[in-house]
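Asker: Before anything else, here's the structure in question.
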Amino acid sequence: MSVGRVETNVRVPKSALAALQELCAERGRSRDAVLRELLDEHLRIQEPLPPGKRLTHVCTLLRHPAPPEYRRQKAGGAVLRLRLDPGVADRARAVSLRLPGQPSRRGPGDYQARPLTDEVLDGLQLRLITHDAAKGLWGLAVSASLTGTEEEVLADADPTWPALSHRPARRRFTREHAESVAEALREREAWHAPYRHELIAHFTYKLLASPDAKANVEMLHEQGRDWEALRHDLHQHTDHEHWLLKGAPSVPAEVLAGRGSSAVWRARRRVALEDIGVWLREQDRPGPARVVDPPGWTLHMPPGWHSLVLPPGAAPAPVWAGHLEQGRLLALAVGSRTVLWPVLSLPGGGLPGPVPGVEAAFAALARTARRAPLVVVEAVLACFDDTPQPPEEPEREPDSAAYPREPESGRENALVVPDRSEQHESQLGRVLVPAGTARNLGLIDTATRDRLIAEARERTLQAMREVLALVESTPTAGLDERAVAALRSSISLDKVGYFTKILTNAEVSFAPQAALWHWPIASVADAIERDCEPAAVGWLASWSAEALGTLARERRVQAWDAGFVRFRAKRYP
């Protein structure tokens with residue numbers, strides 16, 4: 001490989017590989033050289049074009065060759081190795097097709113775009129259509145496979161949308177909010193599944209392999225009145241009576257209801273994040289609190305904190321640019337304006353400046369700030385639940401530390417031990433800091449740390465004794481006499497790890513008790529207001545971001561499950 005060239009590979013249809021070999025023979029050049037020439041020629045043509053008029057290959061739209069459905073399945077197509085000059089791969093990805101909902105890089109299997117493969121196939125000048133035509137086909141497939149949750153949003157956003165048999169008596173969303181969610185759903189958060197690509201393949205055959213192919217391609221590219229009418233027709237036909245749906249693949253709605261419900265949740269979440277930016281932009285001094293729904297947490301703005309909104313197109317003044325460079329402010333792009341946050345008004349009418357101490361939180365979340373600065377705003381302002389609550393435990397028999405689990409994998413009387421750790425699970429709870437970390441951050445002294453560790457060890461030993469008593473009284477629990485003797489020995493020798501390993505091998509869950517200290521703090525902003533040490537503020541900011549991310553994922557999974565429950569009766573063509 002030549003010095004400086006980047007080596008990668010793509011999977012292409014075997015017909016594309018055959019076409020490439022013919023070109024190599026025609027030009028009398030190596031395959032690597034011909035590929036580089038084709039890509040250079042193609043990029044010179046594509047880069048000046050508007051995004052909608054750029055070309056894409058039909059195989060990219062159809063995700064052909066299809067990825068393996070399981071690990072041992074043999075992948076289709078052929079692997080084509082590329083040795084490209086530096087920067088060519090990034091240029092190719094920048095002009096390739098990306099459908100709504102597909103991330104720019106990687107992503108879940110069904111959602112992955114194929115930007116480099118697309119440009120390689122385009123360079124071979126095989127069956128090409130414009131990006132707008134490809135998105136026109138995608139829009140028809142979406143209309144033919146809408147889930148119930150998506151239909152509710154679209155019906156609330158557009159009064160002309162076809163009536164829904166399952167539509168609730170009242171709107172779930174206001175018109176304005178539904179319009180924002182519907183736009184986010186169409187442009188950014190559409191769901192992907194093999195079924196939709198099967199529909200695209202069917203529509204491609206019907207529209208592009210017909211005598212009216214030229215007119216159909218124009219209709220797909222323009223996406224005008226005829227395309228809109230076709231899209232509405234496909235949505236209204238729940239059977240195969242429509243000419244475009246005859247012979248189309250069929251799938252029960254319950255298979256995909258969760259995808260639609262979680263896609264709507266993601267769209268609502270995106271709108272909720274954008275509304276935080278509007279909240280900061282529209283008021284020089286934003287209101288003191290705001291509920292972010294979904295997922296449902298509350299942001300609290302400390303007194304004196306506010307935003308600095310720059311005029312459209314204006315660059316920050318040198319003093320503010322210096323604060324940005326030092327990581328003491330966030331620059332948020334909200335519409336056509338740039339919002340600098342957080343700014344603190346000084347007593348006595350002095351010049352405003354950045355909030356002292358906030359740079360520690362921003363430094364801990366620097367990676368997130370580059371990708372999603374509004375998530376950093378959430379992490380700093382989100383309110384924690386500081387109400388002490390005892391950990392919830394499953395009901396069990398008195399003096400019992402474990403209880404039988406449902407038979408699993410043919411085993412009977414397996415034991416499961418309740419998790420007594422005080423970690424919050426489904427909502428933002430108290431801030432529980434590991435005792436050692438709390439001591440290192442200067443939040444507690446050495447004596448308090450040692451006391452917490454001793455108490456946790458005593459709780460763990462007590463739980464171990466309870467488990468041993470239950471195992472001794474339940475000989476069919478999957479632990480023989482040798483294992484029980486080993487459990488006794490590990491208790492007497494205070495070997496918690498060995499005890500846990502024995503139970504794990506017997507498929508019994510057991511968790512040692514963690515030494516945790518409750519930090520009575522309301523938010524990251526509260527810690528900054530209290531002049532906590534930078535290390536403590538940074539740790540809390542990381543904890544907050546992780547806790548918010550965990551809760552958001554849980555809410556998204558709940559939305560997925562709700563889709564299956566609410567819309568089982570619907571069927572796709």
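Residue numbering restarts at 1 for every chain of the structure tokens, chains are lettered A, B, ... in their displayed order, and ligands are numbered from 1 as they appear.
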Going by DSSP on the backbone, which residues of region 47-278 of chain A come out as strand (DSSP E or B)? List them as an NGL selection string.

Answerer: :A and (55-57 or 78-84 or 128-130 or 252)

Asker: Counting only C-alpha atoms, what is within 9 Å of Ala178 (chain A), bar same-chain residues fewer than 6 positions away, as a PDB file with C-alpha atoms, in the first residue's frame?

Answerer:
```
ATOM      1  CA  VAL A 153     -49.046  12.566  16.035  1.00  0.00           C
ATOM      2  CA  LEU A 154     -49.638  13.137  12.319  1.00  0.00           C
ATOM      3  CA  ALA A 155     -53.403  13.467  12.816  1.00  0.00           C
ATOM      4  CA  ASP A 156     -52.911  16.049  15.582  1.00  0.00           C
ATOM      5  CA  ALA A 157     -50.441  17.977  13.414  1.00  0.00           C
ATOM      6  CA  ASP A 158     -52.413  17.927  10.142  1.00  0.00           C
ATOM      7  CA  ARG A 172     -52.733  13.816  22.826  1.00  0.00           C
ATOM      8  CA  ARG A 268     -40.644  14.266  21.376  1.00  0.00           C
TER       9      ARG A 268
END
```

Asker: Which value, in Å to one decimal, gives the distance between CA of Arg457 (chain A) and CA of Ala469 (chain A)?

Answerer: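 Taking CA of Arg457 (chain A) and CA of Ala469 (chain A), their separation equals 18.5 Å.
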
Asker: Name the residues in contact with Asp32 (chain A) at a cut-off of 12 Å, using only C-alpha atoms, excluding same-chain residues fewer than 6 positions from it; report them as a list in words.

Answerer: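 Contacts, in chain order: Met1, Ser2, Arg5, Val6, Glu7, Thr8, Asn9, Leu20, Gln21, Leu23, Cys24, Leu38, Leu39, Leu80, Arg81, Leu82, Arg83, Leu84, Asp85 and Val120 of chain A.
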
Asker: Got a sec: who's within 9 Å of region 56-71 of chain A, counting only C-alpha atoms, leaving out chain neighbours fewer than 4 positions off, as a VMD selection string?

Answerer: chain A and resid 11 to 13 75 to 78 96 to 97 99 109 to 110 113 to 115 117 to 119 121 to 122 125 to 131 134 to 135 137 to 138 194 197 to 198 200 to 201 204

Asker: Restricting the output to C-alpha atoms, write the selected residues as a PDB file, in the first residue's frame.

Answerer:
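The resulting file, again_24.pdb, is reproduced below:
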```
ATOM      1  CA  ARG A  11     -19.546  -4.926   0.614  1.00  0.00           C
ATOM      2  CA  VAL A  12     -21.087  -4.568  -2.853  1.00  0.00           C
ATOM      3  CA  PRO A  13     -23.324  -6.687  -5.094  1.00  0.00           C
ATOM      4  CA  ALA A  75     -23.103 -12.408   4.176  1.00  0.00           C
ATOM      5  CA  GLY A  76     -24.194 -11.744   0.617  1.00  0.00           C
ATOM      6  CA  GLY A  77     -22.379  -9.828  -2.090  1.00  0.00           C
ATOM      7  CA  ALA A  78     -18.618  -9.443  -2.321  1.00  0.00           C
ATOM      8  CA  SER A  96     -23.807  10.177   0.116  1.00  0.00           C
ATOM      9  CA  LEU A  97     -27.447   9.355   0.806  1.00  0.00           C
ATOM     10  CA  LEU A  99     -32.310   8.649   5.029  1.00  0.00           C
ATOM     11  CA  GLY A 109     -27.871  -2.527  12.545  1.00  0.00           C
ATOM     12  CA  ASP A 110     -31.162  -1.656  10.845  1.00  0.00           C
ATOM     13  CA  ALA A 113     -26.334   4.081   6.384  1.00  0.00           C
ATOM     14  CA  ARG A 114     -23.798   2.917   3.798  1.00  0.00           C
ATOM     15  CA  PRO A 115     -22.170   6.153   2.694  1.00  0.00           C
ATOM     16  CA  THR A 117     -20.554   1.867  -0.416  1.00  0.00           C
ATOM     17  CA  ASP A 118     -23.051   4.265  -1.963  1.00  0.00           C
ATOM     18  CA  GLU A 119     -20.357   6.424  -3.539  1.00  0.00           C
ATOM     19  CA  LEU A 121     -21.544   2.127  -6.592  1.00  0.00           C
ATOM     20  CA  ASP A 122     -22.363   5.605  -7.863  1.00  0.00           C
ATOM     21  CA  GLN A 125     -22.591   4.525 -12.958  1.00  0.00           C
ATOM     22  CA  LEU A 126     -25.014   1.644 -12.416  1.00  0.00           C
ATOM     23  CA  ARG A 127     -28.748   2.149 -11.665  1.00  0.00           C
ATOM     24  CA  LEU A 128     -28.781   5.693 -10.178  1.00  0.00           C
ATOM     25  CA  ILE A 129     -31.544   7.980  -8.936  1.00  0.00           C
ATOM     26  CA  THR A 130     -31.415  11.349  -7.197  1.00  0.00           C
ATOM     27  CA  HIS A 131     -31.410  11.680  -3.419  1.00  0.00           C
ATOM     28  CA  ALA A 134     -34.793   7.981  -3.102  1.00  0.00           C
ATOM     29  CA  LYS A 135     -36.416   9.895  -0.249  1.00  0.00           C
ATOM     30  CA  LEU A 137     -39.595   6.107  -2.276  1.00  0.00           C
ATOM     31  CA  TRP A 138     -38.767   6.118   1.414  1.00  0.00           C
ATOM     32  CA  PRO A 194     -36.124  -4.798   7.175  1.00  0.00           C
ATOM     33  CA  HIS A 197     -36.738  -1.812   2.937  1.00  0.00           C
ATOM     34  CA  GLU A 198     -38.745  -4.745   1.570  1.00  0.00           C
ATOM     35  CA  ILE A 200     -39.053   0.021  -0.935  1.00  0.00           C
ATOM     36  CA  ALA A 201     -37.862  -2.901  -3.059  1.00  0.00           C
ATOM     37  CA  THR A 204     -38.987   0.267  -6.831  1.00  0.00           C
TER      38      THR A 204
END
```

Asker: Would you pick out the contacts of Leu245 (chain A) at 12 Å or less, using only C-alpha atoms, so that residues sharing its chain but fewer than 6 positions from it are not included, and give the list as a VMD selection string?

Answerer: chain A and resid 140 to 141 143 to 145 198 to 207 230 to 231 233 to 239 572 to 573

Asker: Can you work out the spacing between CA of Val375 (chain A) and CA of Val343 (chain A) in Å, to one decimal?

Answerer: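 Taking CA of Val375 (chain A) and CA of Val343 (chain A), their separation equals 17.8 Å.
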